[in-house]
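First up is the structure itself, then whatever we jot down about it.
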Amino acid sequence: MKSKFNVFNMTCSACSAHVESAVSKLNGVKSVQVNLLTNSMVVEFDENILDISGIIKTVEDAGYGAESADNGQESKEKENDATQKNHKDKLKSLIASIIFLILLMYVSMGHMINLPLPEFLQSPFPFAFTQFLLTLPVIIINSHYYKNGFSRLIKLAPNMDSLIALGSSAGLVYGIFAIYMISYGYYTDDMNIVHAYAHELYFESSAMILTLISIGKYLEEGSKKKTAAAIEKLIRLSPDTARVIRNGKEIQVKTSELNVSDMVIIKSGETIPADGEITEGNCTVDESAITGESMPKEKKAGDKVTTATVCKSGYVVVRCERVGSDTTLSKIISLVEEASSGKAPISRLADKISGIFVPIVIGIAIITAAVWLIAGKDVSFAISCAVCVLVISCPCALGLATPTAVMAGTGRGANYGILIKSAEALELLNNTDIVVMDKTGTVTNGTPKLTDFIVCGNVSENDSKKYLASCEKMSSHPLAQAIVSSLDIDTYNAENYEELDGMGIKCICTGKQILAGNAKMMNEYKVDITKYSNSAEELYNSGKTVIYLAIDNSLAAIAGLSDTLKDNSKKAVAALKKMHIKTVLLTGDNKKAAEFVKNEAGFDSVISEVLPADKDNHIQKLQADGKKVVMIGDGINDAPALMRADVGIAIGAGTEIAIDSADVVLTKSDPYDVVNAIKLSRATVKNIKENLFWAFFYNVIGIPLAAGVYYPAFNILLSPMFGAFAMSISSLFVVSNALRLTRFKPEKIKINNKKEMSVMTKTMKINGMSCSHCSARVEKALNELDGVSAQVNLEAKEAVITLTGNVSDDILTKAVTDAGYEVVSIS
């Protein structure tokens with residue numbers, strides 16, 4: 001069983017490492033992933049040994065809070081509301097801290113730039129005590145740092161809050177000590193002590209540390225929200241309500257209350273609330289939210305529709321098949337969340353360091369203070385250096401380096417139909433050596449088309465095509481259906497229809513005997529095909545299926561059928577080769593067909609005549625030399641190979657099997673998205689490396705500077721205030737750098753092969769138009785439909801409609817009816 005949890009009070013990578021360590025030690029836990037960025041945890045465990053309450057108790061015993069997050073979309077919305085409220089509360093607290101800090105800085109340092117101070121504050125004791133009073137509100141407002149920090153310290157698992165609490169407390173305690181020493185000086189009438197300690201107050205450092213850290217945290221939180229924007233955007237895609245038919249009545253219900261088999265009414269402009277099948281009506285659907293495909297698709301009764309897609313025009317009734325957390329949208333959201341919660345292999349180094357980083361920093365701070373005291377420096381100097389070490393060494397940047405980049409990368413991919421299931425897959429794509437592609441449905445369209453038609457007799461090409469289509473339309477064979485679909489021509493009536501097993505079809509059309517089949521059939525009926533044997537051989541060598549057409553036992557035509565390349569297959573292979581990635585075509589097809597596709601698409605090599613069960617073995621052979629192999633298939637017959645590959649990519653509309661067997665799902669079925677996925681991976685890994693470099697570099701430079709290592713030689717010393725500022729900036733830099741990934745744009749390839757567009761003209765008779773405003777309204781309603789161009793004649797009460805797309809009469813009628821007019825006829 002796999003469950004998700006919200007984890008509270010985590011402030012740095014040391015926290016997430018501690019929670020992960022505590023939960024992983026539980027009996028029954030198979031895997032655990034803690035994400036500091038989203039304050040979440042995903043645990044896979046044996047429910048016969050362990051339950052959710054046991055996991056929550058372990059997190060609480062470790063000093064943090066937790067709750068189950070397996071409550072669907074409603075829980076996510078409540079969580080988002082709570083997060084927004086928390087963000088507003090933090091802003092109020094921050095503003096209050098800044099106000100008191102400004103007053104404190106005015107009192108403590110205003111005299112340095114000749115700002116006027118009230119006369120009573122120019123006396124040492126009121127001067128010191130007023131600073132203490134102004135510091136207290138800042139301490140109280142930010143008391144959570146002390147509660148969390150010292151709590152973690154007591155449990156011997158210090159975190160970032162521990163560093164902040166120790167650093168701020170050191171300045172505060174020393175300031176209080178200074179007030180007592182000033183009082184002691186007055187009591188003993190030793191003004192040297194009074195004036196000495198009046199200049200050694202660190203209240204402003206304590207308040208400044210807390211305020212600067214809070215400012216950094218607030219800005220960082222805002223930036224982190226942007227990296228999670230893709231998930232929030234996906235959640236908001238689903239509509240809040242749906243219109244359903246229950247007990248014969250049309251009622252409106254919450255989307256969360258939909259049931260399987262509910263009949264949902266969808267009108268023009270509405271978002272589809274569930275996955276299902278159209279039972280009534282026609283519509284044009286914008287599927288860009290799920291597939292990334294910009295062109296709307298025509299849908300009719302029997303077609304499937306998906307949650308979060310939009311009905312652009314038309315009216316349909318949909319029977320719900322998957323609702324709630326079972327919809328395609330919910331599964332996409334889960335995939336993105338799982339990927340962003342996961343850890344890339346590159347992050348393991350940062351995790352190991354973060355787990356021991358805070359104790360080491362505390363040790364360095366103690367050593368720093370001791371060394372300076374031994375060197376003869378006064379207590380205030382030693383404490384200042386120790387405090388600076390504590391606050392500058394916060395491991396936030398280190399902990400945020402990987403998850404921010406992973407979340408930004410996977411979220412950006414989801415926006416373009418590239419669904420990456422894990423952070424590991426995202427990183428492994430970066431190291432791709434070989435890309436193996438299945439042929440049918442991946443490189444090719446998966447359905448045969450009529451590609452060649454050679455006229456061999458005296459019958460015209462048009463008539464030959466009519467006879468062939470007339471014969472084939474009676475058959476349910478895939479090749480016969482492909483011929484009829486490709487020809488799209490008027491046909492004759494076929495009589496005495498007969499299918500001959502292993503050969504073809506025989507029938508009578510217009511009194512003539514028509515034969516359509518293979519060479520064996522032609523030989524059986526003594527049809528001479530030898531004259532055109534070279535033409536047929538060329539088609540065979542191109543990997544095409546050859547169909548002979550004979551009319552009254554005389555050869556009339558030869559048809560060649562082939563599964564054609566997808567529009568972007570050739571460009572995808574060329575782009576992969578340009579990236580120095582070897583390309584392999586892996587198929588069960590015969591050698592000639594495979595070689596033809598290999599040469600046409602430009603693959604480096606081909607492996608043909610392979611059974612689905614044997615594809616797994618070929619992947620292993622390619623991996624034998626330590627090569628990183630990416631396998632791309634349709635996710636069904638290629639499932640074993642997809643799971644065997646270092647990264648399995650399912651190309652298709654995100655079927656159940658594809659999601660289960662592949663590491664990456666490309667919802668648009670575009671081969672070029674393989675290139676985009678690898679480019680996204682490379683951009684993300686580069687971003688992670690940049691983040692880790694700067695996080696390590698910052699600490700390597702910052703800690704010696706804070707400890708005063710450069711002070712003896714260069715007289716350079718960092719104050720605790722600048723240390724806090726530098727720490728906040730480092731975290732903000734890492735998150736902002738990751739945000740650059742949200743600007744990643746997949747390369748769009750223009751398709752050069754222009755398809756012929758059929759144009760149809762219809763005349764619509766309309767009642768109810770009485771003025772130019774009426775005709776303009778009807779004209780506008782029709783022209784807003786995709787693929788429709790209309791001109792309305794008010795006098796003739798008709799509209800002349802030019803169609804460049806497949807728009808049904810029902811959609812045209814509905815557009816005019818919705819505008820308030822009556823359609824009499826369409827011809």
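Naming scheme: A, B, ... for chains in displayed order of the structure tokens; residues 1 onward per chain; ligands 1 onward as shown.
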Practice task
Find the residues around segment 126-140 of chain A up to 8 Å (only C-alpha atoms counted), leave out those fewer than 6 positions away in its own chain, and share them as a VMD selection string.
Solution key: chain A and resid 96 to 97 100 to 101 103 to 104 107 to 108 120 175 to 176 179 198 201 203 to 204 206 to 207 210 to 211
Practice task
In Å, rounded to a single decimal, give me how far atom CA of Leu121 of chain A is from atom CA of Val194 of chain A.
Solution key: 14.4 Å
Handout entry: Which residue of A:Lys679, A:Lys591, A:Lys466, A:Lys570 approaches Leu429 of chain A most closely, using only C-alpha atoms
Key =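 The shortest atom-to-atom distance to Leu429 of chain A comes from A:Lys679.
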Problem - d(atom CA of Leu329 of chain A, atom CA of Val7 of chain A) in Å - result: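 Computed distance, atom CA of Leu329 of chain A to atom CA of Val7 of chain A, equals 24.9 Å.
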